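Printed here is final03.txt (compact mmCIF, C-alpha atoms):
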```txt
# COMPACT_ATOMS: atom_id res chain seq x y z
CA MET A 21 29.64 -12.71 23.92
CA GLU A 22 31.65 -12.15 20.75
CA GLU A 23 32.22 -15.90 20.45
CA ASP A 24 28.47 -16.45 20.68
CA ALA A 25 27.93 -13.85 17.99
CA LEU A 26 30.47 -15.54 15.72
CA ASN A 27 28.69 -18.86 16.18
CA GLN A 28 25.66 -17.64 14.26
CA SER A 29 24.50 -19.67 11.28
CA THR A 30 25.24 -16.97 8.68
CA ALA A 31 27.77 -14.18 8.35
CA ALA A 32 25.01 -11.55 8.03
CA GLU A 33 23.54 -12.61 11.39
CA ALA A 34 27.00 -12.53 12.95
CA ASP A 35 27.56 -9.03 11.62
CA ILE A 36 24.31 -7.81 13.19
CA SER A 37 25.08 -9.51 16.51
CA LEU A 38 28.56 -8.00 16.68
CA HIS A 39 27.14 -4.56 15.94
CA MET A 40 24.64 -4.91 18.78
CA LEU A 41 27.47 -5.72 21.20
CA SER A 42 29.53 -2.63 20.43
CA GLU A 43 29.20 0.03 17.76
CA SER A 44 32.50 0.86 16.10
CA PRO A 45 33.36 4.56 15.82
CA SER A 46 33.26 6.33 12.49
CA GLY A 47 36.35 5.72 10.36
CA SER A 48 37.35 2.48 12.07
CA VAL A 49 37.52 -1.07 10.72
CA VAL A 50 37.20 -4.13 13.01
CA ILE A 51 38.42 -7.48 11.66
CA TYR A 52 37.45 -10.73 13.37
CA VAL A 53 39.60 -13.74 12.54
CA VAL A 54 37.56 -16.96 12.62
CA PRO A 55 38.98 -20.51 12.48
CA GLU A 56 39.34 -22.23 9.15
CA SER A 57 36.73 -24.78 10.18
CA SER A 58 34.13 -22.15 11.06
CA THR A 59 30.80 -22.46 9.26
CA VAL A 60 29.86 -18.80 9.66
CA LEU A 61 31.46 -18.04 6.28
CA PRO A 62 30.15 -19.75 3.14
CA GLU A 63 32.35 -22.26 1.41
CA GLY A 64 34.94 -20.64 -0.84
CA VAL A 65 34.67 -17.25 0.92
CA SER A 66 37.70 -16.02 2.83
CA VAL A 67 36.48 -12.54 3.82
CA TYR A 68 32.97 -11.30 4.53
CA VAL A 69 32.41 -7.52 4.62
CA GLY A 70 29.23 -6.59 6.47
CA GLN A 71 27.04 -3.53 6.31
CA ARG A 72 28.61 -2.06 9.44
CA ARG A 73 32.36 -1.59 10.00
CA THR A 74 33.10 -5.24 10.59
CA ALA A 75 34.85 -7.87 8.46
CA LEU A 76 35.13 -11.61 9.10
CA LEU A 77 38.42 -13.15 8.00
CA ARG A 78 38.91 -16.91 7.74
CA ALA A 79 42.26 -18.07 9.12
CA GLY A 80 44.43 -19.88 6.59
CA GLY A 81 46.65 -22.89 6.92
CA GLN A 82 49.68 -20.70 7.71
CA MET A 83 48.28 -19.95 11.18
CA ARG A 84 48.59 -23.57 12.23
CA VAL A 85 52.36 -23.23 12.47
CA ALA A 86 52.34 -19.64 13.73
CA VAL A 87 53.33 -19.26 17.36
CA ALA A 88 54.14 -15.62 18.11
CA LEU A 89 51.82 -12.69 17.47
CA LYS A 90 54.17 -11.31 14.79
CA GLU A 91 53.93 -14.58 12.88
CA VAL A 92 50.14 -14.52 13.10
CA LEU A 93 49.99 -10.95 11.80
CA ALA A 94 52.51 -11.73 9.07
CA SER A 95 50.36 -14.60 7.82
CA LEU A 96 47.31 -12.29 7.68
CA GLU A 97 49.06 -9.21 6.31
CA THR A 98 48.02 -9.72 2.68
CA TRP A 99 44.38 -10.27 3.56
CA ILE A 100 44.30 -7.33 5.96
CA LYS A 101 45.66 -5.01 3.29
CA GLN A 102 42.95 -6.12 0.88
CA VAL A 103 40.28 -5.61 3.56
CA LEU A 104 41.50 -2.07 4.19
CA GLN A 105 41.58 -1.29 0.48
CA VAL A 106 37.93 -2.32 0.24
CA MET A 107 36.57 -0.78 3.44
CA SER A 108 38.85 2.16 4.22
CA PHE A 109 40.28 5.27 2.59
CA SER A 110 43.04 4.44 0.11
CA HIS A 111 45.39 6.16 -2.30
CA GLY A 112 42.87 5.64 -5.07
CA ASP A 113 40.26 7.59 -3.10
CA ILE A 114 42.71 10.48 -2.74
CA THR A 115 43.25 10.46 -6.50
CA ALA A 116 39.48 10.46 -7.01
CA ALA A 117 39.02 13.40 -4.65
CA LEU A 118 41.78 15.36 -6.37
CA SER A 119 41.05 14.17 -9.91
CA ASP A 120 40.78 17.76 -11.17
CA ARG A 121 44.15 18.72 -9.67
CA VAL A 122 46.48 15.71 -10.05
CA ARG A 123 47.19 13.16 -12.74
CA PRO A 124 45.37 9.81 -12.52
CA GLY A 125 48.63 7.85 -12.37
CA ASP A 126 48.27 4.09 -12.12
CA ARG A 127 44.62 4.14 -11.17
CA SER A 128 42.33 1.72 -12.95
CA ARG A 129 40.11 2.90 -15.74
CA GLU A 130 37.02 1.71 -13.87
CA GLY A 131 37.85 3.74 -10.78
CA LEU A 132 38.73 6.80 -12.84
CA ALA A 133 35.45 6.54 -14.75
CA ASP A 134 33.48 6.29 -11.49
CA SER A 135 35.15 9.43 -10.13
CA MET A 136 34.38 11.31 -13.35
CA ARG A 137 30.71 10.30 -13.20
CA ALA A 138 30.26 11.55 -9.64
CA PHE A 139 29.35 15.15 -8.87
CA LYS A 140 31.95 17.28 -7.17
CA SER A 141 31.53 18.01 -3.49
CA SER A 142 28.87 20.60 -2.66
CA PRO A 143 27.05 21.68 0.53
CA GLY A 144 23.73 20.77 -1.11
CA TYR A 145 22.21 18.86 -4.02
CA GLU A 146 18.88 19.07 -5.84
CA ILE A 147 17.37 15.75 -6.98
CA THR A 148 14.63 15.82 -9.61
CA PHE A 149 12.54 12.84 -10.77
CA SER A 150 10.74 13.47 -14.06
CA LEU A 151 8.18 11.32 -15.86
CA LEU A 152 8.14 11.90 -19.63
CA ASN A 153 4.90 11.09 -21.42
CA PRO A 154 5.31 11.88 -25.15
CA ASP A 155 1.77 10.76 -26.06
CA PRO A 156 -0.86 11.41 -23.37
CA THR A 157 -3.61 10.35 -25.79
CA SER A 158 -2.24 6.79 -25.79
CA HIS A 159 -1.04 6.38 -22.19
CA LEU A 160 -2.48 7.53 -18.90
CA LEU A 161 0.51 7.12 -16.62
CA HIS A 162 0.22 6.68 -12.86
CA TRP A 163 3.30 6.64 -10.64
CA ASP A 164 3.42 6.77 -6.86
CA VAL A 165 6.70 8.60 -6.78
CA GLU A 166 6.19 10.03 -3.30
CA ALA A 167 5.89 6.60 -1.70
CA ALA A 168 8.82 5.29 -3.77
CA ILE A 169 11.05 8.16 -2.67
CA SER A 170 10.07 7.61 0.95
CA SER A 171 10.83 3.88 0.76
CA TYR A 172 13.96 3.76 -1.40
CA ILE A 173 15.60 7.19 -1.70
CA GLN A 174 14.97 8.93 1.62
CA PRO A 175 16.75 6.29 3.78
CA LEU A 176 19.89 6.75 1.69
CA LEU A 177 19.75 10.55 1.88
CA SER A 178 19.07 10.47 5.62
CA LYS A 179 22.18 8.39 6.17
CA MET A 180 24.19 10.80 3.97
CA ALA A 181 23.00 13.85 5.93
CA PRO A 182 26.51 14.53 7.36
CA VAL A 183 27.85 14.84 3.82
CA ALA A 184 25.40 17.34 2.31
CA ASN A 185 21.84 18.67 2.34
CA PHE A 186 19.37 17.24 -0.15
CA SER A 187 16.07 18.40 -1.60
CA ILE A 188 13.82 16.28 -3.82
CA ASP A 189 11.10 17.22 -6.28
CA SER A 190 9.21 15.48 -9.05
CA GLN A 191 7.32 16.48 -12.18
CA ILE A 192 5.44 15.06 -15.16
CA LEU A 193 6.25 16.40 -18.63
CA TYR A 194 3.72 15.83 -21.40
CA TYR A 195 4.59 15.74 -25.09
CA ALA A 196 8.28 15.53 -24.18
CA VAL A 197 10.10 13.56 -26.87
CA LEU A 198 13.69 12.43 -27.22
CA GLY A 199 15.93 14.33 -29.60
CA VAL A 200 16.85 11.15 -31.50
CA ASN A 201 14.62 9.07 -33.74
CA PRO A 202 14.82 5.38 -32.75
CA ARG A 203 15.68 2.84 -35.44
CA TYR A 204 13.70 -0.30 -36.05
CA ASP A 205 15.64 -3.54 -35.63
CA PRO A 206 13.94 -6.47 -37.40
CA THR A 207 16.01 -9.01 -35.47
CA LEU A 208 14.60 -7.75 -32.17
CA ASN A 209 11.23 -6.73 -33.58
CA ALA A 210 11.64 -3.50 -31.64
CA TYR A 211 13.05 0.01 -31.89
CA THR A 212 16.54 0.69 -30.56
CA LEU A 213 18.72 3.53 -29.37
CA ASN A 214 22.41 2.75 -29.76
CA ALA A 215 25.14 4.01 -27.46
CA ASP A 216 26.44 6.53 -29.99
CA SER A 217 23.13 8.40 -30.11
CA LEU A 218 22.56 8.61 -26.36
CA SER A 219 24.59 11.80 -26.03
CA HIS A 220 22.08 13.58 -28.28
CA VAL A 221 19.12 12.61 -26.11
CA ILE A 222 19.83 14.85 -23.12
CA ASN A 223 19.98 18.36 -24.62
CA PRO A 224 16.42 18.52 -26.05
CA VAL A 225 14.97 17.08 -22.85
CA GLU A 226 17.05 19.26 -20.54
CA ALA A 227 15.55 22.40 -22.07
CA ARG A 228 12.17 21.40 -20.65
CA LEU A 229 13.29 20.35 -17.20
CA GLY A 230 13.76 23.87 -15.87
CA SER A 231 15.42 22.72 -12.66
CA SER A 232 18.97 24.05 -13.08
CA ALA A 233 17.86 27.69 -12.97
CA ALA A 234 15.96 27.34 -9.70
CA SER A 235 18.94 26.61 -7.46
CA SER A 236 22.66 27.26 -7.26
CA ASN A 237 23.30 23.70 -6.05
CA PRO A 238 24.09 20.87 -8.48
CA VAL A 239 21.01 19.17 -9.90
CA LEU A 240 20.74 15.40 -10.32
CA ASN A 241 18.16 14.52 -12.98
CA PHE A 242 16.46 11.12 -13.18
CA LEU A 243 14.13 10.70 -16.13
CA LEU A 244 11.61 7.92 -16.71
CA TYR A 245 10.61 7.84 -20.37
CA VAL A 246 7.58 5.90 -21.59
CA PRO A 247 7.80 5.62 -25.42
CA ASP A 248 4.73 6.29 -27.52
CA SER A 249 2.88 3.54 -29.31
CA ARG A 250 4.65 4.24 -32.62
CA HIS A 251 8.12 3.53 -31.15
CA SER A 252 7.24 0.79 -28.70
CA PRO A 253 8.94 -1.33 -27.51
CA LEU A 254 12.13 0.73 -27.30
CA HIS A 255 15.43 -0.81 -26.18
CA ILE A 256 18.86 0.70 -25.47
CA THR A 257 21.80 -1.14 -27.00
CA ASP A 258 25.49 -0.97 -26.15
CA HIS A 259 28.48 -0.66 -28.48
CA ARG A 260 28.24 -4.38 -29.28
CA ARG A 261 24.60 -4.01 -30.34
CA HIS A 262 23.44 -5.96 -27.29
CA THR A 263 20.38 -4.80 -25.37
CA VAL A 264 21.04 -3.29 -21.96
CA PRO A 265 19.26 -5.35 -19.26
CA SER A 266 18.22 -2.31 -17.22
CA ASN A 267 17.16 -0.40 -20.38
CA ALA A 268 18.75 2.69 -18.86
CA PHE A 269 21.90 4.76 -19.07
CA SER A 270 23.59 7.47 -17.02
CA SER A 271 25.32 10.68 -18.04
CA PRO A 272 28.38 11.79 -16.00
CA ARG A 273 27.58 14.55 -13.52
CA TRP A 274 24.07 14.97 -14.91
CA GLY A 275 21.83 12.02 -14.03
CA GLY A 276 20.18 8.99 -15.59
CA ILE A 277 17.43 8.06 -18.04
CA MET A 278 15.37 4.87 -18.01
CA VAL A 279 13.07 3.67 -20.79
CA TYR A 280 9.92 2.01 -19.48
CA ASN A 281 8.13 -0.04 -22.11
CA VAL A 282 4.38 -0.62 -21.95
CA ASN A 283 2.55 -3.45 -23.68
CA ALA A 284 -0.52 -1.72 -25.14
CA SER A 285 -1.21 -3.94 -28.14
CA GLY A 286 -4.82 -4.92 -28.69
CA THR A 287 -6.19 -2.60 -25.99
CA GLU A 288 -8.34 0.46 -26.28
CA LEU A 289 -6.59 3.80 -26.09
CA PRO A 290 -5.78 5.51 -23.83
CA VAL A 291 -4.26 2.77 -21.70
CA ASP A 292 -4.05 3.11 -17.92
CA VAL A 293 -0.47 2.32 -16.95
CA HIS A 294 0.54 1.81 -13.31
CA ILE A 295 4.32 2.05 -13.21
CA ASP A 296 6.22 -0.48 -11.10
CA MET A 297 8.21 1.93 -8.93
CA ARG A 298 10.17 -0.87 -7.29
CA ARG A 299 11.64 -1.75 -10.67
CA VAL A 300 12.29 1.90 -11.47
CA MET A 301 13.99 2.68 -8.16
CA GLY A 302 16.07 -0.47 -8.55
CA VAL A 303 17.69 1.30 -11.49
CA PHE A 304 17.78 4.87 -10.16
CA LEU A 305 19.17 4.00 -6.71
CA PRO A 306 22.52 2.59 -7.99
CA GLN A 307 22.80 5.56 -10.36
CA LEU A 308 22.19 7.95 -7.46
CA ARG A 309 24.86 6.23 -5.37
CA LEU A 310 27.34 6.57 -8.20
CA MET A 311 26.48 10.23 -8.83
CA LEU A 312 26.99 11.07 -5.16
CA GLY A 313 30.46 9.52 -5.13
CA VAL A 314 29.84 6.07 -3.59
CA GLN A 315 32.32 3.81 -5.37
CA SER A 316 31.14 0.35 -6.40
CA ALA A 317 34.29 -1.48 -7.48
CA ALA A 318 34.34 -5.25 -7.85
CA PRO A 319 35.63 -6.99 -4.70
CA PRO A 320 38.85 -9.05 -4.81
CA PRO A 321 38.65 -12.84 -5.25
CA GLY A 322 37.49 -14.59 -2.11
CA PHE A 323 35.54 -11.57 -0.84
CA LEU A 324 31.80 -11.46 -0.22
CA ILE A 325 30.18 -8.03 0.26
CA GLY A 326 27.07 -8.17 2.39
CA PRO A 327 23.85 -6.32 1.54
CA CYS A 328 23.64 -2.63 2.36
CA GLY A 329 20.36 -2.93 4.23
CA ASN A 330 17.36 -0.65 3.98
CA ALA A 331 19.50 2.48 3.86
CA GLY A 332 21.17 1.44 0.62
CA LEU A 333 24.56 2.41 2.06
CA ALA A 334 26.89 0.51 4.37
CA ASP A 335 28.57 2.25 7.29
CA TRP A 336 32.04 1.70 5.85
CA GLU A 337 30.88 3.12 2.50
CA LEU A 338 29.72 6.25 4.30
CA ASP A 339 33.11 6.49 6.03
CA ARG A 340 34.94 6.27 2.69
CA LEU A 341 32.68 8.93 1.22
CA MET A 342 33.24 11.25 4.17
CA TRP A 343 37.00 10.74 3.86
CA THR A 344 36.84 11.59 0.14
CA ARG A 345 34.55 14.59 0.52
CA SER A 346 36.56 16.01 3.42
CA VAL A 347 39.80 15.83 1.44
CA GLU A 348 38.08 17.32 -1.59
CA ASN A 349 36.59 20.16 0.47
CA VAL A 350 39.99 20.94 2.00
CA ALA A 351 41.58 21.05 -1.45
CA THR A 352 38.79 23.22 -2.88
CA ALA A 353 38.87 25.72 -0.01
CA THR A 354 42.66 25.89 -0.19
CA THR A 355 42.53 26.58 -3.93
CA THR A 356 39.90 29.31 -3.43
CA ILE A 357 41.92 31.10 -0.76
CA THR A 358 45.11 30.81 -2.82
CA SER A 359 43.38 32.22 -5.89
CA LEU A 360 41.99 35.10 -3.84
CA ALA A 361 45.46 35.89 -2.46
CA GLN A 362 46.96 35.86 -5.96
CA LEU A 363 44.27 38.18 -7.30
CA LEU A 364 44.69 40.61 -4.42
CA ASP A 365 48.45 40.69 -4.99
CA GLN A 366 47.90 41.65 -8.62
CA ILE A 367 45.62 44.57 -7.68
CA GLY A 368 47.69 47.15 -5.83
CA ASN A 369 45.01 49.70 -4.91
CA ILE A 370 42.43 47.28 -3.55
CA VAL A 371 40.85 47.88 -0.14
CA ILE A 372 39.97 44.78 1.90
CA ASN A 373 37.10 45.18 4.33
CA ASP A 374 37.19 43.78 7.82
CA ASN A 375 34.47 41.22 7.09
CA ILE A 376 36.52 39.77 4.22
CA ALA A 377 39.55 39.47 6.45
CA GLU A 378 37.44 37.72 9.09
CA GLN A 379 36.03 35.28 6.53
CA VAL A 380 39.49 34.43 5.22
CA SER A 381 40.79 33.99 8.76
CA SER A 382 37.83 31.77 9.66
CA ALA A 383 38.33 29.71 6.50
CA VAL A 384 42.00 29.14 7.33
CA ALA A 385 41.12 28.19 10.91
CA SER A 386 38.45 25.76 9.67
CA LEU A 387 40.95 24.23 7.27
CA GLN A 388 43.44 23.66 10.06
CA LEU A 389 40.78 22.09 12.25
CA ALA A 390 39.58 19.85 9.39
CA VAL A 391 43.10 18.60 8.71
CA GLY A 392 43.66 17.99 12.42
CA GLN A 393 40.45 15.97 12.71
CA LEU A 394 41.36 13.95 9.62
CA GLU A 395 44.70 13.08 11.16
CA VAL A 396 43.02 11.57 14.23
CA GLY A 397 40.27 9.93 12.16
CA ASN A 398 37.33 11.97 13.47
CA LEU A 399 35.35 12.05 10.23
CA GLY A 400 32.24 13.79 11.56
CA LEU A 401 34.06 16.91 12.75
CA ALA A 402 36.43 16.84 9.77
CA MET A 403 33.47 16.88 7.39
CA GLN A 404 31.80 19.71 9.31
CA TYR A 405 34.92 21.90 9.42
CA SER A 406 35.72 21.27 5.74
CA LYS A 407 32.21 22.37 4.70
CA GLU A 408 32.57 25.52 6.81
CA ALA A 409 35.92 26.24 5.13
CA ILE A 410 34.34 26.01 1.67
CA LEU A 411 31.44 28.30 2.56
CA GLN A 412 33.65 30.92 4.19
CA SER A 413 36.27 30.92 1.43
CA GLU A 414 33.62 31.30 -1.28
CA ARG A 415 31.93 34.11 0.62
CA ALA A 416 35.24 35.95 0.79
CA PHE A 417 36.05 35.32 -2.87
CA PHE A 418 32.64 36.45 -4.13
CA ASP A 419 32.17 39.35 -1.73
CA PRO A 420 30.32 42.22 -3.47
CA SER A 421 32.96 44.75 -2.43
CA LEU A 422 35.61 42.82 -4.38
CA LEU A 423 33.68 41.92 -7.49
CA HIS A 424 33.96 45.26 -9.26
CA LEU A 425 37.70 45.36 -8.56
CA LEU A 426 38.26 41.75 -9.60
CA TYR A 427 36.42 42.12 -12.87
CA PHE A 428 37.55 45.69 -13.67
CA PRO A 429 41.29 46.08 -13.02
CA ASP A 430 43.24 49.22 -13.87
CA ASP A 431 44.16 48.23 -17.42
CA GLN A 432 40.50 47.69 -18.27
CA LYS A 433 39.59 51.03 -16.75
CA PHE A 434 42.13 52.79 -18.98
CA ALA A 435 40.81 50.90 -21.99
CA ILE A 436 37.27 52.07 -21.18
CA TYR A 437 37.90 55.71 -20.25
CA ILE A 438 40.60 56.70 -22.78
CA PRO A 439 38.27 56.49 -25.80
CA LEU A 440 35.76 58.58 -23.86
CA PHE A 441 38.01 61.38 -22.61
CA LEU A 442 40.61 61.53 -25.37
CA PRO A 443 38.38 63.41 -27.87
CA MET A 444 37.49 65.91 -25.13
CA CYS A 445 41.11 66.41 -24.14
CA VAL A 446 42.41 67.19 -27.64
CA PRO A 447 40.72 70.67 -27.95
CA ILE A 448 41.74 71.50 -24.39
CA LEU A 449 45.37 70.60 -25.06
CA LEU A 450 45.39 72.62 -28.29
CA SER A 451 43.94 75.63 -26.44
CA LEU A 452 46.59 75.34 -23.73
CA LEU A 453 49.36 75.16 -26.31
CA LYS A 454 48.00 78.25 -28.08
CA MET A 455 47.80 80.20 -24.81
CA ALA A 456 51.37 79.20 -23.93
CA SER A 457 52.64 80.41 -27.31
CA GLU A 458 50.82 83.74 -26.86
CA VAL A 459 52.37 84.20 -23.43
CA ARG A 460 55.83 83.64 -24.87
CA GLN A 461 55.17 86.21 -27.62
CA ARG A 462 53.97 89.02 -25.30
CA PRO A 463 57.45 90.14 -23.95
CA GLY A 464 58.72 90.61 -27.54
CA GLN A 465 55.70 92.72 -28.49
CA GLY A 466 56.20 95.01 -25.43
CA GLN A 467 59.87 95.60 -26.25
CA ALA A 468 58.98 96.48 -29.86
CA LYS A 469 56.52 99.16 -28.67
CA LYS A 470 59.20 100.75 -26.42
CA ASP A 471 61.61 100.96 -29.30
```

Rewrite the structure from the file as structure tokens, please.
Amino acid sequence: MEEDALNQSTAAEADISLHMLSESPSGSVVIYVVPESSTVLPEGVSVYVGQRRTALLRAGGQMRVAVALKEVLASLETWIKQVLQVMSFSHGDITAALSDRVRPGDRSREGLADSMRAFKSSPGYEITFSLLNPDPTSHLLHWDVEAAISSYIQPLLSKMAPVANFSIDSQILYYAVLGVNPRYDPTLNAYTLNADSLSHVINPVEARLGSSAASSNPVLNFLLYVPDSRHSPLHITDHRRHTVPSNAFSSPRWGGIMVYNVNASGTELPVDVHIDMRRVMGVFLPQLRLMLGVQSAAPPPGFLIGPCGNAGLADWELDRLMWTRSVENVATATTTITSLAQLLDQIGNIVINDNIAEQVSSAVASLQLAVGQLEVGNLGLAMQYSKEAILQSERAFFDPSLLHLLYFPDDQKFAIYIPLFLPMCVPILLSLLKMASEVRQRPGQGQAKKD
């Protein structure tokens, strides 16, 4: 049956057929070695990585002289290592998960930049899509964002449900302008925003979004900006003064902004504009993947990465993300518990309630279970236990019974109460000293009267 599946006309069809035969467990990688003469792989492609957990590897000329199994594996060792680096959890992923705690080392700049763009691990995320219309008198904008989210975004979030909880909302902001005035470029016959000015665009717009105050979870903002007729068309340029094909940019751990130009010349105002949501989501979906921690590094030479399918996320990409998030959750919960222990050691007169002790004990038990599941490769349970460890450790750290002791230690109490009670104590001390001196003088006065 596997041979029949590998005899399909294309590698994508073979990947689907192999998945229908047997579904690989989470965290695993299955490599099928096909003959050098096989036509399932395109010409010039040595490895095909499908959307499941399967890779097709073309046998090289070294296998013709290989006899024993060790010789066969030795001839494929280099390719297998590259396949595992692409599809499985690697040392670079550990560095990305612990980027705030360890030095980058020899990691590539591209991988380090991707890890810095992604949001840190959280039990939940808020995703906001905003349409900015700076001139409603010129443009009447229509966007079917609900259908676009259902078709392009929701399949991705449904597949990432084991990682975190997601909530989505949308809004339209009128008379919302960018904080930077575009410059007219006569060579392009258009207005431009260069890369140096993009950092000044977010702050004025963010003040009107109003989404960060509504939830304690991280907020991912995706803005679609339609320039007014005075600054249209508007293009984003890079550091080399070249126009960006997507006409969009992303801000690390914040979100993305896309400029959507409208051709309204020679038409009566206001212009009815029906936004092409397929084009918009084609830009926002890769940005969302990157913000959620899905790495998109270039494959090695000879590799062909298959399409992700309707979900926008391959199974092996989900496995890598769950590996990364589980390790990051374990590190975060460990740091929280360690910080709590250090703070409690510094405060000698603190009283720990039973519920705090139970939360700390549960967090430690969840950490041990998460590490144990990671060792055996059970990513689903490891992710679940690591999220429980984070929630329990944060509940213990931010317990209301500890907050007043953590933020008001003894030295601060003395600094607060001494200025209050010292002026009151001075007259009392002077009165006590005067009374003591009078008591010492009374025996001498009695003896003088007797004499």

| query | Near Gly144 of chain A, counting all atoms listed in the file, which residues have an atom at most 6 Å away, once you skip same-chain residues fewer than 4 positions from it, shown as a ChimeraX atom specification? | reply | /A:184-186,237

| If we count only C-alpha atoms, what is near Arg260 of chain A at a cut-off of 12 Å, once residues fewer than 6 positions away on the same chain are taken out, given as number ranges by chain? | A: 214-216

| task | For each of A:Gly302, A:Pro55, A:Pro238, A:Pro224, take the minimum atom-to-atom distance to Asn267 of chain A, counting only C-alpha atoms, then give the residue where this is smallest. | result |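 Once distances to Asn267 of chain A are computed over only C-alpha atoms, the minimum belongs to A:Gly302.
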
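For the residues A:Met455, A:Leu360, A:Leu244, A:Met311, ranking by smallest atom-to-atom distance to Arg137 of chain A using all atoms listed in the file places A:Met311 first.
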
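In this model, the gap between atom CA of Glu166 of chain A and atom CA of Gly332 of chain A comes to 17.7 Å.
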
| task | Around the point (26.1, -16.6, 15.8), in the coordinates given by the file, pick out the residues reaching within 10 Å, counting all atoms listed in the file, and return them as a ChimeraX atom specification. | result | /A:21-38,59-60

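The interatomic distance for the pair atom CA of Gln393 of chain A and atom CA of Phe109 of chain A works out to 14.7 Å.
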
| Smallest atom-to-atom distance to Ile372 of chain A: which of A:Phe417, A:Trp336, A:Trp163, A:Tyr405, using all atoms listed in the file? | A:Phe417

| request: Identify which of the residues A:Asp292, A:Glu378, A:Glu337, A:Glu348 lies closest to Thr74 of chain A, counting only C-alpha atoms when measuring atom-to-atom distances. | output: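 Under the stated criterion, the closest residue is A:Glu337.
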
Mind listing whatever residues come within 12 Å of the point (14.5, 20.6, -9.1)? Use all atoms listed in the file, file coordinates, and give them as a PDB file with C-alpha atoms, in the frame of the given file.
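Below is the file that was written, out.pdb:
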```pdb
ATOM      1  CA  TYR A 145      22.210  18.860  -4.020  1.00  0.00           C
ATOM      2  CA  GLU A 146      18.880  19.070  -5.840  1.00  0.00           C
ATOM      3  CA  ILE A 147      17.370  15.750  -6.980  1.00  0.00           C
ATOM      4  CA  THR A 148      14.630  15.820  -9.610  1.00  0.00           C
ATOM      5  CA  PHE A 149      12.540  12.840 -10.770  1.00  0.00           C
ATOM      6  CA  SER A 150      10.740  13.470 -14.060  1.00  0.00           C
ATOM      7  CA  PHE A 186      19.370  17.240  -0.150  1.00  0.00           C
ATOM      8  CA  SER A 187      16.070  18.400  -1.600  1.00  0.00           C
ATOM      9  CA  ILE A 188      13.820  16.280  -3.820  1.00  0.00           C
ATOM     10  CA  ASP A 189      11.100  17.220  -6.280  1.00  0.00           C
ATOM     11  CA  SER A 190       9.210  15.480  -9.050  1.00  0.00           C
ATOM     12  CA  GLN A 191       7.320  16.480 -12.180  1.00  0.00           C
ATOM     13  CA  GLU A 226      17.050  19.260 -20.540  1.00  0.00           C
ATOM     14  CA  ARG A 228      12.170  21.400 -20.650  1.00  0.00           C
ATOM     15  CA  LEU A 229      13.290  20.350 -17.200  1.00  0.00           C
ATOM     16  CA  GLY A 230      13.760  23.870 -15.870  1.00  0.00           C
ATOM     17  CA  SER A 231      15.420  22.720 -12.660  1.00  0.00           C
ATOM     18  CA  SER A 232      18.970  24.050 -13.080  1.00  0.00           C
ATOM     19  CA  ALA A 233      17.860  27.690 -12.970  1.00  0.00           C
ATOM     20  CA  ALA A 234      15.960  27.340  -9.700  1.00  0.00           C
ATOM     21  CA  SER A 235      18.940  26.610  -7.460  1.00  0.00           C
ATOM     22  CA  SER A 236      22.660  27.260  -7.260  1.00  0.00           C
ATOM     23  CA  ASN A 237      23.300  23.700  -6.050  1.00  0.00           C
ATOM     24  CA  PRO A 238      24.090  20.870  -8.480  1.00  0.00           C
ATOM     25  CA  VAL A 239      21.010  19.170  -9.900  1.00  0.00           C
ATOM     26  CA  LEU A 240      20.740  15.400 -10.320  1.00  0.00           C
ATOM     27  CA  ASN A 241      18.160  14.520 -12.980  1.00  0.00           C
ATOM     28  CA  PHE A 242      16.460  11.120 -13.180  1.00  0.00           C
TER      29      PHE A 242
END
```

| field | Surrounding residues of Lys140 of chain A excluding itself and chain neighbours under 2 positions, 9 Å, all atoms listed in the file, as a list in words | value |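 Surrounding residues, per the criterion: Ala117, Ser135, Met136, Ala138, Ser142, Pro238, Arg273, Leu312, Gly313, Arg345 and Glu348 of chain A.
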
Residues from last step as file, C-alpha atoms, as a CSV table (one decimal), keeping the file's coordinate frame:
```
chain,number,residue,atom,x,y,z
A,117,ALA,CA,39.0,13.4,-4.6
A,135,SER,CA,35.2,9.4,-10.1
A,136,MET,CA,34.4,11.3,-13.4
A,138,ALA,CA,30.3,11.6,-9.6
A,142,SER,CA,28.9,20.6,-2.7
A,238,PRO,CA,24.1,20.9,-8.5
A,273,ARG,CA,27.6,14.6,-13.5
A,312,LEU,CA,27.0,11.1,-5.2
A,313,GLY,CA,30.5,9.5,-5.1
A,345,ARG,CA,34.6,14.6,0.5
A,348,GLU,CA,38.1,17.3,-1.6
```

| request: Find the residues near Met301 of chain A: any atom within 12 Å, counting all atoms listed in the file, skip ones fewer than 6 places away on the same chain, and give them as number ranges by chain. | output: A: 149, 163-174, 242-244, 266, 268, 276-278, 295, 307-309, 332

| message | Which residues are close to Asn283 of chain A, i.e. within 12 Å by all atoms listed in the file, leaving aside same-chain residues fewer than 3 positions away? Reply as a PyMOL selection string. | response | chain A and resi 158-159+246-254+280+286-289+291-295
